[in-house]
Amino acid sequence: MEKTPSHVAIIMDGNGRWAESHGWGRVRGHREGANRVDEIVTECRRIGVRYLSLYAFSTENWNRPAHEVSMLMRLLVQYLRRMDKKLHKNQISLVTQGTTHRLPVYVQNELKRVMKLTRFDEPRMFLNLCLSYGGRQEIVDAAKAIGASVKRGELDPEAVDEATFARHLYQPGFPDPDLLIRTGGESRVSNFLLWQIAYSEIYVTPVLWPDFHTADFGEALATFQSRERRFGLTSAQILNRLSLSGPVRLS
Ligand code: IPE
Ligand code: IPE
Ligand code: MG
């Protein structure tokens, strides 16, 4: 049986270029991009992806022209108002990751409302919007939280290991992404999930985000399924483990 990735992370890039290629303003690309979010969320829920992390706004994106930033904030709120019932109906819990206290208060309030509405004891899927997110900032914040625990005498610095560190990240309950997709063709990670993508399979497609439909997602998935994840082991070790105990996992 083909394996469905448990956690898919997507760098949704190319909205501006898509709009410009049609002779339109960049904001129109962001608006069309929001429709693809709906489509890809629906597909992930259908095929049984448990965690979907979407890079929607980076810490560096704050430096874009003020007009574009404020339009992105308004589009985010429009998206949430449009999608809240559908998320609820499909038992998809909305969560966020990033320095969301930097977002305008009206955006924070809308996020809180939809997160509350979509809180389930046993969600079928998590939709994790990475907003005002930076991987380096997340690592710095984890280091600060660990330092504070040490200072309070709750943690022995000698006992800090990778698992301790991972517990202090923004979404400690999430497994690492199995598949990282970047649309828009750039072969870079742009400060996304730096800690978590250590062993993620990376798929870069030239398709711009507003053109990235279910079929394109299917291609990414097929590529993922054709790859052998070795986690530093040899191919023979992996085959041996697969025959003994199912898919190998980094724990
Ligand atoms: C991605 O599209 C969306 C955000 C970064 C908010 P871009 O706006 O970066 O589009 P391009 O890369 O300029 O085409
Ligand atoms: C990455 O895209 C951030 C998001 C998709 C939200 P950018 O367009 O900001 O990345 P760079 O500037 O090309 O690296
Ligand atoms: Mg871009």
# chains A, B, ... in the order shown; residues from 1 in each chain; ligands from 1
call {"tool": "residues_near_ligand", "arguments": {"ligand": "ligand 3", "cutoff": "7 Å", "atoms": "only C-alpha atoms and all ligand atoms", "output": "PyMOL selection string"}}
result
chain A and resi 13-14+16
call {"tool": "write_last_selection", "arguments": {"atoms": "N, CA and C atoms", "output": "compact mmCIF listing (two decimals), in the first residue's frame"}}
result
# COMPACT_ATOMS: atom_id res chain seq x y z
N ASP A 13 4.48 29.63 -2.62
CA ASP A 13 5.16 30.78 -3.22
C ASP A 13 4.72 30.97 -4.68
N GLY A 14 4.79 32.21 -5.12
CA GLY A 14 4.54 32.51 -6.53
C GLY A 14 3.28 33.30 -6.83
N GLY A 16 2.65 36.53 -6.45
CA GLY A 16 2.94 37.81 -7.10
C GLY A 16 3.27 37.61 -8.57
call {"tool": "residues_around", "arguments": {"residues": "Val95 (chain A)", "least_positions_apart": "6", "cutoff": "10 Å", "atoms": "only C-alpha atoms", "output": "PyMOL selection string"}}
result
chain A and resi 53+111-112+114-116+118-119+126-130+171
call {"tool": "write_last_selection", "arguments": {"atoms": "all heavy atoms", "output": "mmCIF file, in the first residue's frame"}}
result
data_model
loop_
_atom_site.group_PDB
_atom_site.id
_atom_site.type_symbol
_atom_site.label_atom_id
_atom_site.label_comp_id
_atom_site.auth_asym_id
_atom_site.auth_seq_id
_atom_site.Cartn_x
_atom_site.Cartn_y
_atom_site.Cartn_z
ATOM 1 N N SER A 53 0.903 21.935 7.375
ATOM 2 C CA SER A 53 1.470 23.230 7.784
ATOM 3 C C SER A 53 1.663 24.099 6.553
ATOM 4 O O SER A 53 2.352 23.704 5.608
ATOM 5 C CB SER A 53 2.828 23.032 8.476
ATOM 6 O OG SER A 53 2.667 22.379 9.701
ATOM 7 N N LEU A 111 -8.571 34.759 14.347
ATOM 8 C CA LEU A 111 -7.872 33.470 14.504
ATOM 9 C C LEU A 111 -8.345 32.762 15.772
ATOM 10 O O LEU A 111 -8.657 31.565 15.750
ATOM 11 C CB LEU A 111 -6.349 33.692 14.577
ATOM 12 C CG LEU A 111 -5.657 33.997 13.245
ATOM 13 C CD1 LEU A 111 -4.244 34.529 13.486
ATOM 14 C CD2 LEU A 111 -5.594 32.748 12.355
ATOM 15 N N LYS A 112 -8.443 33.528 16.860
ATOM 16 C CA LYS A 112 -8.889 32.937 18.140
ATOM 17 C C LYS A 112 -10.289 32.364 17.995
ATOM 18 O O LYS A 112 -10.585 31.276 18.486
ATOM 19 C CB LYS A 112 -8.872 33.999 19.249
ATOM 20 C CG LYS A 112 -7.493 34.220 19.838
ATOM 21 C CD LYS A 112 -7.545 35.230 20.986
ATOM 22 C CE LYS A 112 -6.188 35.878 21.186
ATOM 23 N NZ LYS A 112 -6.272 37.281 21.594
ATOM 24 N N VAL A 114 -11.855 31.251 15.298
ATOM 25 C CA VAL A 114 -11.926 30.024 14.493
ATOM 26 C C VAL A 114 -11.182 28.872 15.186
ATOM 27 O O VAL A 114 -11.611 27.720 15.118
ATOM 28 C CB VAL A 114 -11.405 30.269 13.056
ATOM 29 C CG1 VAL A 114 -11.515 29.006 12.218
ATOM 30 C CG2 VAL A 114 -12.186 31.400 12.397
ATOM 31 N N MET A 115 -10.138 29.178 15.904
ATOM 32 C CA MET A 115 -9.438 28.106 16.640
ATOM 33 C C MET A 115 -10.352 27.507 17.702
ATOM 34 O O MET A 115 -10.388 26.301 17.901
ATOM 35 C CB MET A 115 -8.141 28.637 17.265
ATOM 36 C CG MET A 115 -7.054 28.851 16.234
ATOM 37 S SD MET A 115 -5.408 29.094 16.930
ATOM 38 C CE MET A 115 -5.548 30.691 17.613
ATOM 39 N N LYS A 116 -11.107 28.398 18.353
ATOM 40 C CA LYS A 116 -12.043 27.926 19.384
ATOM 41 C C LYS A 116 -13.158 27.086 18.756
ATOM 42 O O LYS A 116 -13.497 25.999 19.233
ATOM 43 C CB LYS A 116 -12.629 29.141 20.111
ATOM 44 C CG LYS A 116 -13.274 28.811 21.415
ATOM 45 C CD LYS A 116 -13.549 30.062 22.228
ATOM 46 C CE LYS A 116 -14.577 29.742 23.295
ATOM 47 N NZ LYS A 116 -15.512 30.828 23.504
ATOM 48 N N THR A 118 -13.066 25.360 16.136
ATOM 49 C CA THR A 118 -12.611 24.107 15.516
ATOM 50 C C THR A 118 -11.754 23.263 16.478
ATOM 51 O O THR A 118 -10.954 22.450 16.030
ATOM 52 C CB THR A 118 -11.806 24.390 14.220
ATOM 53 O OG1 THR A 118 -10.663 25.185 14.555
ATOM 54 C CG2 THR A 118 -12.653 25.120 13.190
ATOM 55 N N ARG A 119 -11.935 23.486 17.770
ATOM 56 C CA ARG A 119 -11.196 22.666 18.738
ATOM 57 C C ARG A 119 -11.951 21.347 18.937
ATOM 58 O O ARG A 119 -13.129 21.360 19.295
ATOM 59 C CB ARG A 119 -11.074 23.424 20.060
ATOM 60 C CG ARG A 119 -9.922 22.943 20.933
ATOM 61 C CD ARG A 119 -9.695 23.882 22.095
ATOM 62 N NE ARG A 119 -9.150 25.177 21.678
ATOM 63 C CZ ARG A 119 -9.407 26.327 22.294
ATOM 64 N NH1 ARG A 119 -10.210 26.373 23.331
ATOM 65 N NH2 ARG A 119 -8.868 27.448 21.873
ATOM 66 N N PHE A 126 -5.124 18.568 11.442
ATOM 67 C CA PHE A 126 -4.730 19.888 11.935
ATOM 68 C C PHE A 126 -4.323 20.746 10.744
ATOM 69 O O PHE A 126 -3.488 20.327 9.931
ATOM 70 C CB PHE A 126 -3.534 19.788 12.880
ATOM 71 C CG PHE A 126 -3.860 19.185 14.214
ATOM 72 C CD1 PHE A 126 -3.699 17.825 14.424
ATOM 73 C CD2 PHE A 126 -4.329 19.972 15.253
ATOM 74 C CE1 PHE A 126 -3.996 17.259 15.654
ATOM 75 C CE2 PHE A 126 -4.636 19.415 16.485
ATOM 76 C CZ PHE A 126 -4.465 18.053 16.684
ATOM 77 N N LEU A 127 -4.914 21.939 10.666
ATOM 78 C CA LEU A 127 -4.462 22.919 9.680
ATOM 79 C C LEU A 127 -3.635 23.956 10.445
ATOM 80 O O LEU A 127 -4.167 24.715 11.259
ATOM 81 C CB LEU A 127 -5.660 23.589 8.999
ATOM 82 C CG LEU A 127 -5.323 24.799 8.116
ATOM 83 C CD1 LEU A 127 -4.350 24.433 7.012
ATOM 84 C CD2 LEU A 127 -6.590 25.404 7.522
ATOM 85 N N ASN A 128 -2.337 23.935 10.196
ATOM 86 C CA ASN A 128 -1.406 24.785 10.930
ATOM 87 C C ASN A 128 -0.982 25.948 10.046
ATOM 88 O O ASN A 128 -0.200 25.778 9.108
ATOM 89 C CB ASN A 128 -0.194 23.920 11.319
ATOM 90 C CG ASN A 128 0.845 24.685 12.106
ATOM 91 O OD1 ASN A 128 0.522 25.631 12.816
ATOM 92 N ND2 ASN A 128 2.110 24.276 11.986
ATOM 93 N N LEU A 129 -1.519 27.133 10.327
ATOM 94 C CA LEU A 129 -1.130 28.304 9.546
ATOM 95 C C LEU A 129 0.114 28.929 10.161
ATOM 96 O O LEU A 129 0.098 29.344 11.327
ATOM 97 C CB LEU A 129 -2.267 29.332 9.517
ATOM 98 C CG LEU A 129 -3.524 28.967 8.724
ATOM 99 C CD1 LEU A 129 -4.494 30.154 8.727
ATOM 100 C CD2 LEU A 129 -3.186 28.551 7.291
ATOM 101 N N CYS A 130 1.184 28.982 9.388
ATOM 102 C CA CYS A 130 2.431 29.579 9.875
ATOM 103 C C CYS A 130 2.398 31.053 9.501
ATOM 104 O O CYS A 130 2.506 31.416 8.325
ATOM 105 C CB CYS A 130 3.619 28.853 9.270
ATOM 106 S SG CYS A 130 3.601 27.096 9.700
ATOM 107 N N GLN A 171 4.991 24.055 18.098
ATOM 108 C CA GLN A 171 3.974 22.984 18.045
ATOM 109 C C GLN A 171 4.601 21.669 18.501
ATOM 110 O O GLN A 171 4.857 20.769 17.681
ATOM 111 C CB GLN A 171 3.410 22.817 16.618
ATOM 112 C CG GLN A 171 2.527 23.931 16.130
ATOM 113 C CD GLN A 171 1.199 24.007 16.884
ATOM 114 O OE1 GLN A 171 0.934 23.213 17.787
ATOM 115 N NE2 GLN A 171 0.380 24.978 16.535
#
call {"tool": "closest_atom_pairs", "arguments": {"of": "chain A", "to": "ligand 2", "cutoff": "8 Å", "atoms": "only C-alpha atoms and all ligand atoms", "output": "CSV"}}
result
residue,atom,partner,partner_atom_place_in_ligand_line,distance
A:Ile11,CA,ligand 2,5 (C),4.7
A:Met12,CA,ligand 2,5 (C),4.5
A:Asp13,CA,ligand 2,5 (C),4.5
A:Gly14,CA,ligand 2,8 (O),7.0
A:Tyr55,CA,ligand 2,6 (C),4.6
A:Ala56,CA,ligand 2,6 (C),4.0
A:Phe57,CA,ligand 2,6 (C),3.9
A:Ser58,CA,ligand 2,6 (C),5.0
A:Glu60,CA,ligand 2,9 (O),6.7
A:Asn61,CA,ligand 2,9 (O),5.6
A:Cys130,CA,ligand 2,6 (C),7.9
A:Leu131,CA,ligand 2,6 (C),7.8
A:Glu186,CA,ligand 2,13 (O),6.8
A:Arg188,CA,ligand 2,14 (O),6.7
A:Val189,CA,ligand 2,14 (O),7.2
A:Ser190,CA,ligand 2,14 (O),4.5
A:Asn191,CA,ligand 2,1 (C),7.8
A:Phe192,CA,ligand 2,3 (C),7.7
call {"tool": "closest_residue", "arguments": {"among": "A:Leu76, A:Leu194, A:Met125, A:Val160", "to": "ligand 1", "atoms": "only C-alpha atoms and all ligand atoms"}}
result
A:Leu76
call {"tool": "closest_residue", "arguments": {"among": "A:Glu201, A:Met73, A:Pro104, A:Ile139", "to": "Ser226 (chain A)", "atoms": "only C-alpha atoms"}}
result
A:Glu201
call {"tool": "atom_distance", "arguments": {"atom1": "CA of Leu52 (chain A)", "atom2": "CA of Phe212 (chain A)"}}
result
15.6 Å
call {"tool": "select_by_dssp", "arguments": {"residues": "region 44-214 of chain A", "states": "helix (DSSP H, G or I)", "output": "ChimeraX atom specification"}}
result
/A:44-47,60-63,66-89,100-102,105-117,135-151,157-159,162-167,209-211,214
call {"tool": "closest_residue", "arguments": {"among": "A:Ser132, A:Asn90, A:Gln108, A:Gln97", "to": "ligand 1", "atoms": "only C-alpha atoms and all ligand atoms"}}
result
A:Ser132
call {"tool": "closest_residue", "arguments": {"among": "A:Pro172, A:Arg50, A:Trp209, A:Gly184", "to": "Arg31 (chain A)", "atoms": "only C-alpha atoms"}}
result
A:Trp209
call {"tool": "select_by_dssp", "arguments": {"residues": "region 19-57 of chain A", "states": "strand (DSSP E)", "output": "PyMOL selection string"}}
result
chain A and resi 51-57
call {"tool": "write_last_selection", "arguments": {"atoms": "N, CA, C and O atoms", "output": "tab-separated table (two decimals), in the first residue's frame"}}
result
chain	number	residue	atom	x	y	z
A	51	TYR	N	-1.57	16.23	9.46
A	51	TYR	CA	-1.05	17.56	9.78
A	51	TYR	C	-0.68	18.27	8.49
A	51	TYR	O	0.07	17.72	7.67
A	52	LEU	N	-1.21	19.49	8.32
A	52	LEU	CA	-0.87	20.29	7.14
A	52	LEU	C	-0.37	21.65	7.63
A	52	LEU	O	-1.13	22.39	8.26
A	53	SER	N	0.90	21.93	7.37
A	53	SER	CA	1.47	23.23	7.78
A	53	SER	C	1.66	24.10	6.55
A	53	SER	O	2.35	23.70	5.61
A	54	LEU	N	1.05	25.27	6.57
A	54	LEU	CA	1.13	26.17	5.40
A	54	LEU	C	1.88	27.44	5.77
A	54	LEU	O	1.50	28.13	6.74
A	55	TYR	N	2.92	27.74	4.99
A	55	TYR	CA	3.69	28.96	5.22
A	55	TYR	C	2.93	30.09	4.52
A	55	TYR	O	2.93	30.20	3.30
A	56	ALA	N	2.26	30.90	5.33
A	56	ALA	CA	1.40	31.93	4.77
A	56	ALA	C	2.01	33.32	4.86
A	56	ALA	O	1.70	34.20	4.05
A	57	PHE	N	2.87	33.53	5.88
A	57	PHE	CA	3.46	34.87	6.06
A	57	PHE	C	4.71	34.73	6.94
A	57	PHE	O	4.62	34.25	8.07
call {"tool": "atom_distance", "arguments": {"atom1": "CA of Arg28 (chain A)", "atom2": "CA of Thr42 (chain A)"}}
result
22.1 Å
call {"tool": "atom_distance", "arguments": {"atom1": "CA of Glu228 (chain A)", "atom2": "CA of Ser200 (chain A)"}}
result
11.6 Å
call {"tool": "residues_around", "arguments": {"residues": "region 143-153 of chain A", "least_positions_apart": "5", "cutoff": "12 Å", "atoms": "only C-alpha atoms", "output": "list in words"}}
result
Arg136, Gln137, Glu138, Glu158, Ala159, Val160, Asp161, Glu162, Ala163, Thr164, Phe165, Ala166, Arg167, His168, Leu169 and Tyr170 of chain A
call {"tool": "closest_residue", "arguments": {"among": "A:Thr183, A:Gln78, A:Gln237, A:Thr4", "to": "ligand 1", "atoms": "only C-alpha atoms and all ligand atoms"}}
result
A:Thr183
call {"tool": "residues_around", "arguments": {"residues": "Lys89 (chain A)", "least_positions_apart": "2", "cutoff": "12 Å", "atoms": "only C-alpha atoms", "output": "PDB file with all heavy atoms, in the first residue's frame"}}
result
ATOM      1  N   THR A  42      -8.828  20.520   1.436  1.00  0.00           N
ATOM      2  CA  THR A  42      -9.862  19.517   1.169  1.00  0.00           C
ATOM      3  C   THR A  42      -9.233  18.192   0.718  1.00  0.00           C
ATOM      4  O   THR A  42      -9.615  17.112   1.188  1.00  0.00           O
ATOM      5  CB  THR A  42     -10.833  20.041   0.070  1.00  0.00           C
ATOM      6  OG1 THR A  42     -11.372  21.278   0.518  1.00  0.00           O
ATOM      7  CG2 THR A  42     -11.952  19.071  -0.206  1.00  0.00           C
ATOM      8  N   ARG A  45      -7.413  16.400   3.607  1.00  0.00           N
ATOM      9  CA  ARG A  45      -8.393  15.777   4.506  1.00  0.00           C
ATOM     10  C   ARG A  45      -8.929  14.491   3.880  1.00  0.00           C
ATOM     11  O   ARG A  45      -9.101  13.474   4.543  1.00  0.00           O
ATOM     12  CB  ARG A  45      -9.517  16.776   4.769  1.00  0.00           C
ATOM     13  CG  ARG A  45     -10.733  16.256   5.491  1.00  0.00           C
ATOM     14  CD  ARG A  45     -10.429  15.928   6.943  1.00  0.00           C
ATOM     15  NE  ARG A  45     -11.662  15.568   7.638  1.00  0.00           N
ATOM     16  CZ  ARG A  45     -12.280  14.388   7.524  1.00  0.00           C
ATOM     17  NH1 ARG A  45     -11.768  13.446   6.760  1.00  0.00           N
ATOM     18  NH2 ARG A  45     -13.394  14.153   8.185  1.00  0.00           N
ATOM     19  N   MET A  83     -14.161  29.989   5.563  1.00  0.00           N
ATOM     20  CA  MET A  83     -13.845  28.576   5.767  1.00  0.00           C
ATOM     21  C   MET A  83     -14.255  28.016   7.118  1.00  0.00           C
ATOM     22  O   MET A  83     -14.183  26.803   7.333  1.00  0.00           O
ATOM     23  CB  MET A  83     -12.323  28.363   5.604  1.00  0.00           C
ATOM     24  CG  MET A  83     -11.817  28.569   4.210  1.00  0.00           C
ATOM     25  SD  MET A  83     -12.597  27.413   3.057  1.00  0.00           S
ATOM     26  CE  MET A  83     -11.957  25.881   3.719  1.00  0.00           C
ATOM     27  N   ASP A  84     -14.649  28.879   8.050  1.00  0.00           N
ATOM     28  CA  ASP A  84     -14.828  28.397   9.433  1.00  0.00           C
ATOM     29  C   ASP A  84     -15.776  27.203   9.533  1.00  0.00           C
ATOM     30  O   ASP A  84     -15.447  26.185  10.154  1.00  0.00           O
ATOM     31  CB  ASP A  84     -15.245  29.558  10.360  1.00  0.00           C
ATOM     32  CG  ASP A  84     -16.462  30.337   9.869  1.00  0.00           C
ATOM     33  OD1 ASP A  84     -16.994  30.003   8.791  1.00  0.00           O
ATOM     34  OD2 ASP A  84     -16.877  31.274  10.577  1.00  0.00           O
ATOM     35  N   LYS A  85     -16.924  27.304   8.862  1.00  0.00           N
ATOM     36  CA  LYS A  85     -17.923  26.225   8.993  1.00  0.00           C
ATOM     37  C   LYS A  85     -17.442  24.941   8.327  1.00  0.00           C
ATOM     38  O   LYS A  85     -17.675  23.843   8.824  1.00  0.00           O
ATOM     39  CB  LYS A  85     -19.262  26.674   8.404  1.00  0.00           C
ATOM     40  CG  LYS A  85     -19.935  27.696   9.283  1.00  0.00           C
ATOM     41  CD  LYS A  85     -21.293  28.114   8.752  1.00  0.00           C
ATOM     42  CE  LYS A  85     -21.783  29.343   9.486  1.00  0.00           C
ATOM     43  NZ  LYS A  85     -20.909  30.528   9.238  1.00  0.00           N
ATOM     44  N   LYS A  86     -16.776  25.111   7.201  1.00  0.00           N
ATOM     45  CA  LYS A  86     -16.281  23.929   6.484  1.00  0.00           C
ATOM     46  C   LYS A  86     -15.213  23.205   7.317  1.00  0.00           C
ATOM     47  O   LYS A  86     -15.192  21.965   7.383  1.00  0.00           O
ATOM     48  CB  LYS A  86     -15.703  24.369   5.129  1.00  0.00           C
ATOM     49  CG  LYS A  86     -15.361  23.203   4.228  1.00  0.00           C
ATOM     50  CD  LYS A  86     -15.079  23.676   2.814  1.00  0.00           C
ATOM     51  CE  LYS A  86     -14.546  22.529   1.964  1.00  0.00           C
ATOM     52  NZ  LYS A  86     -14.161  22.970   0.618  1.00  0.00           N
ATOM     53  N   LEU A  87     -14.345  23.965   7.950  1.00  0.00           N
ATOM     54  CA  LEU A  87     -13.330  23.352   8.808  1.00  0.00           C
ATOM     55  C   LEU A  87     -14.012  22.586   9.943  1.00  0.00           C
ATOM     56  O   LEU A  87     -13.660  21.438  10.245  1.00  0.00           O
ATOM     57  CB  LEU A  87     -12.381  24.412   9.394  1.00  0.00           C
ATOM     58  CG  LEU A  87     -11.480  25.143   8.396  1.00  0.00           C
ATOM     59  CD1 LEU A  87     -10.680  26.238   9.113  1.00  0.00           C
ATOM     60  CD2 LEU A  87     -10.524  24.187   7.694  1.00  0.00           C
ATOM     61  N   GLN A  91     -14.152  18.463  10.843  1.00  0.00           N
ATOM     62  CA  GLN A  91     -13.343  18.205  12.048  1.00  0.00           C
ATOM     63  C   GLN A  91     -11.858  18.492  11.823  1.00  0.00           C
ATOM     64  O   GLN A  91     -10.993  17.682  12.132  1.00  0.00           O
ATOM     65  CB  GLN A  91     -13.544  16.765  12.519  1.00  0.00           C
ATOM     66  CG  GLN A  91     -14.902  16.566  13.163  1.00  0.00           C
ATOM     67  CD  GLN A  91     -15.159  15.096  13.413  1.00  0.00           C
ATOM     68  OE1 GLN A  91     -15.702  14.408  12.543  1.00  0.00           O
ATOM     69  NE2 GLN A  91     -14.748  14.616  14.564  1.00  0.00           N
ATOM     70  N   ILE A  92     -11.619  19.647  11.242  1.00  0.00           N
ATOM     71  CA  ILE A  92     -10.241  20.098  11.036  1.00  0.00           C
ATOM     72  C   ILE A  92      -9.954  21.196  12.059  1.00  0.00           C
ATOM     73  O   ILE A  92     -10.637  22.219  12.086  1.00  0.00           O
ATOM     74  CB  ILE A  92     -10.048  20.655   9.603  1.00  0.00           C
ATOM     75  CG1 ILE A  92     -10.356  19.566   8.560  1.00  0.00           C
ATOM     76  CG2 ILE A  92      -8.636  21.192   9.424  1.00  0.00           C
ATOM     77  CD1 ILE A  92     -10.375  20.077   7.121  1.00  0.00           C
ATOM     78  N   SER A  93      -8.982  20.966  12.915  1.00  0.00           N
ATOM     79  CA  SER A  93      -8.619  21.954  13.934  1.00  0.00           C
ATOM     80  C   SER A  93      -7.623  22.953  13.373  1.00  0.00           C
ATOM     81  O   SER A  93      -6.550  22.570  12.891  1.00  0.00           O
ATOM     82  CB  SER A  93      -7.976  21.261  15.148  1.00  0.00           C
ATOM     83  OG  SER A  93      -8.955  20.639  15.916  1.00  0.00           O
ATOM     84  N   LEU A 117     -13.677  27.596  17.645  1.00  0.00           N
ATOM     85  CA  LEU A 117     -14.764  26.891  16.943  1.00  0.00           C
ATOM     86  C   LEU A 117     -14.339  25.508  16.457  1.00  0.00           C
ATOM     87  O   LEU A 117     -15.159  24.592  16.376  1.00  0.00           O
ATOM     88  CB  LEU A 117     -15.207  27.736  15.732  1.00  0.00           C
ATOM     89  CG  LEU A 117     -16.267  27.152  14.809  1.00  0.00           C
ATOM     90  CD1 LEU A 117     -17.642  27.241  15.471  1.00  0.00           C
ATOM     91  CD2 LEU A 117     -16.282  27.881  13.462  1.00  0.00           C
ATOM     92  N   THR A 118     -13.066  25.360  16.136  1.00  0.00           N
ATOM     93  CA  THR A 118     -12.611  24.107  15.516  1.00  0.00           C
ATOM     94  C   THR A 118     -11.754  23.263  16.478  1.00  0.00           C
ATOM     95  O   THR A 118     -10.954  22.450  16.030  1.00  0.00           O
ATOM     96  CB  THR A 118     -11.806  24.390  14.220  1.00  0.00           C
ATOM     97  OG1 THR A 118     -10.663  25.185  14.555  1.00  0.00           O
ATOM     98  CG2 THR A 118     -12.653  25.120  13.190  1.00  0.00           C
ATOM     99  N   ARG A 119     -11.935  23.486  17.770  1.00  0.00           N
ATOM    100  CA  ARG A 119     -11.196  22.666  18.738  1.00  0.00           C
ATOM    101  C   ARG A 119     -11.951  21.347  18.937  1.00  0.00           C
ATOM    102  O   ARG A 119     -13.129  21.360  19.295  1.00  0.00           O
ATOM    103  CB  ARG A 119     -11.074  23.424  20.060  1.00  0.00           C
ATOM    104  CG  ARG A 119      -9.922  22.943  20.933  1.00  0.00           C
ATOM    105  CD  ARG A 119      -9.695  23.882  22.095  1.00  0.00           C
ATOM    106  NE  ARG A 119      -9.150  25.177  21.678  1.00  0.00           N
ATOM    107  CZ  ARG A 119      -9.407  26.327  22.294  1.00  0.00           C
ATOM    108  NH1 ARG A 119     -10.210  26.373  23.331  1.00  0.00           N
ATOM    109  NH2 ARG A 119      -8.868  27.448  21.873  1.00  0.00           N
ATOM    110  N   PHE A 120     -11.311  20.235  18.667  1.00  0.00           N
ATOM    111  CA  PHE A 120     -11.957  18.929  18.815  1.00  0.00           C
ATOM    112  C   PHE A 120     -11.094  18.039  19.714  1.00  0.00           C
ATOM    113  O   PHE A 120      -9.873  18.172  19.721  1.00  0.00           O
ATOM    114  CB  PHE A 120     -12.100  18.237  17.452  1.00  0.00           C
ATOM    115  CG  PHE A 120     -12.938  18.995  16.469  1.00  0.00           C
ATOM    116  CD1 PHE A 120     -12.347  19.747  15.458  1.00  0.00           C
ATOM    117  CD2 PHE A 120     -14.319  18.977  16.554  1.00  0.00           C
ATOM    118  CE1 PHE A 120     -13.111  20.460  14.560  1.00  0.00           C
ATOM    119  CE2 PHE A 120     -15.096  19.692  15.653  1.00  0.00           C
ATOM    120  CZ  PHE A 120     -14.488  20.431  14.663  1.00  0.00           C
ATOM    121  N   PRO A 123      -9.475  15.593  16.557  1.00  0.00           N
ATOM    122  CA  PRO A 123      -9.585  16.169  15.214  1.00  0.00           C
ATOM    123  C   PRO A 123      -9.165  15.157  14.152  1.00  0.00           C
ATOM    124  O   PRO A 123      -8.303  14.311  14.399  1.00  0.00           O
ATOM    125  CB  PRO A 123      -8.644  17.363  15.245  1.00  0.00           C
ATOM    126  CG  PRO A 123      -7.833  17.248  16.480  1.00  0.00           C
ATOM    127  CD  PRO A 123      -8.454  16.253  17.373  1.00  0.00           C
ATOM    128  N   ARG A 124      -9.770  15.283  12.984  1.00  0.00           N
ATOM    129  CA  ARG A 124      -9.359  14.407  11.881  1.00  0.00           C
ATOM    130  C   ARG A 124      -8.090  14.940  11.221  1.00  0.00           C
ATOM    131  O   ARG A 124      -7.330  14.192  10.616  1.00  0.00           O
ATOM    132  CB  ARG A 124     -10.486  14.337  10.842  1.00  0.00           C
ATOM    133  CG  ARG A 124     -11.784  13.778  11.393  1.00  0.00           C
ATOM    134  CD  ARG A 124     -11.642  12.316  11.765  1.00  0.00           C
ATOM    135  NE  ARG A 124     -11.321  11.482  10.612  1.00  0.00           N
ATOM    136  CZ  ARG A 124     -12.211  10.877   9.851  1.00  0.00           C
ATOM    137  NH1 ARG A 124     -13.480  11.001  10.115  1.00  0.00           N
ATOM    138  NH2 ARG A 124     -11.832  10.147   8.815  1.00  0.00           N
ATOM    139  N   MET A 125      -7.893  16.250  11.350  1.00  0.00           N
ATOM    140  CA  MET A 125      -6.710  16.860  10.731  1.00  0.00           C
ATOM    141  C   MET A 125      -6.401  18.181  11.445  1.00  0.00           C
ATOM    142  O   MET A 125      -7.310  18.804  12.007  1.00  0.00           O
ATOM    143  CB  MET A 125      -7.004  17.118   9.242  1.00  0.00           C
ATOM    144  CG  MET A 125      -5.853  17.653   8.442  1.00  0.00           C
ATOM    145  SD  MET A 125      -6.349  17.777   6.688  1.00  0.00           S
ATOM    146  CE  MET A 125      -5.940  19.465   6.363  1.00  0.00           C
TER     147      MET A 125
END
call {"tool": "residues_around", "arguments": {"residues": "Asp216 (chain A)", "least_positions_apart": "5", "cutoff": "9 Å", "atoms": "only C-alpha atoms", "output": "compact mmCIF listing (two decimals) with C-alpha atoms, in the first residue's frame"}}
result
# COMPACT_ATOMS: atom_id res chain seq x y z
CA THR A 205 7.81 22.56 -8.45
CA VAL A 207 4.12 25.67 -10.72
CA ASP A 211 -1.92 27.27 -10.36
CA LEU A 221 2.63 12.83 -3.44
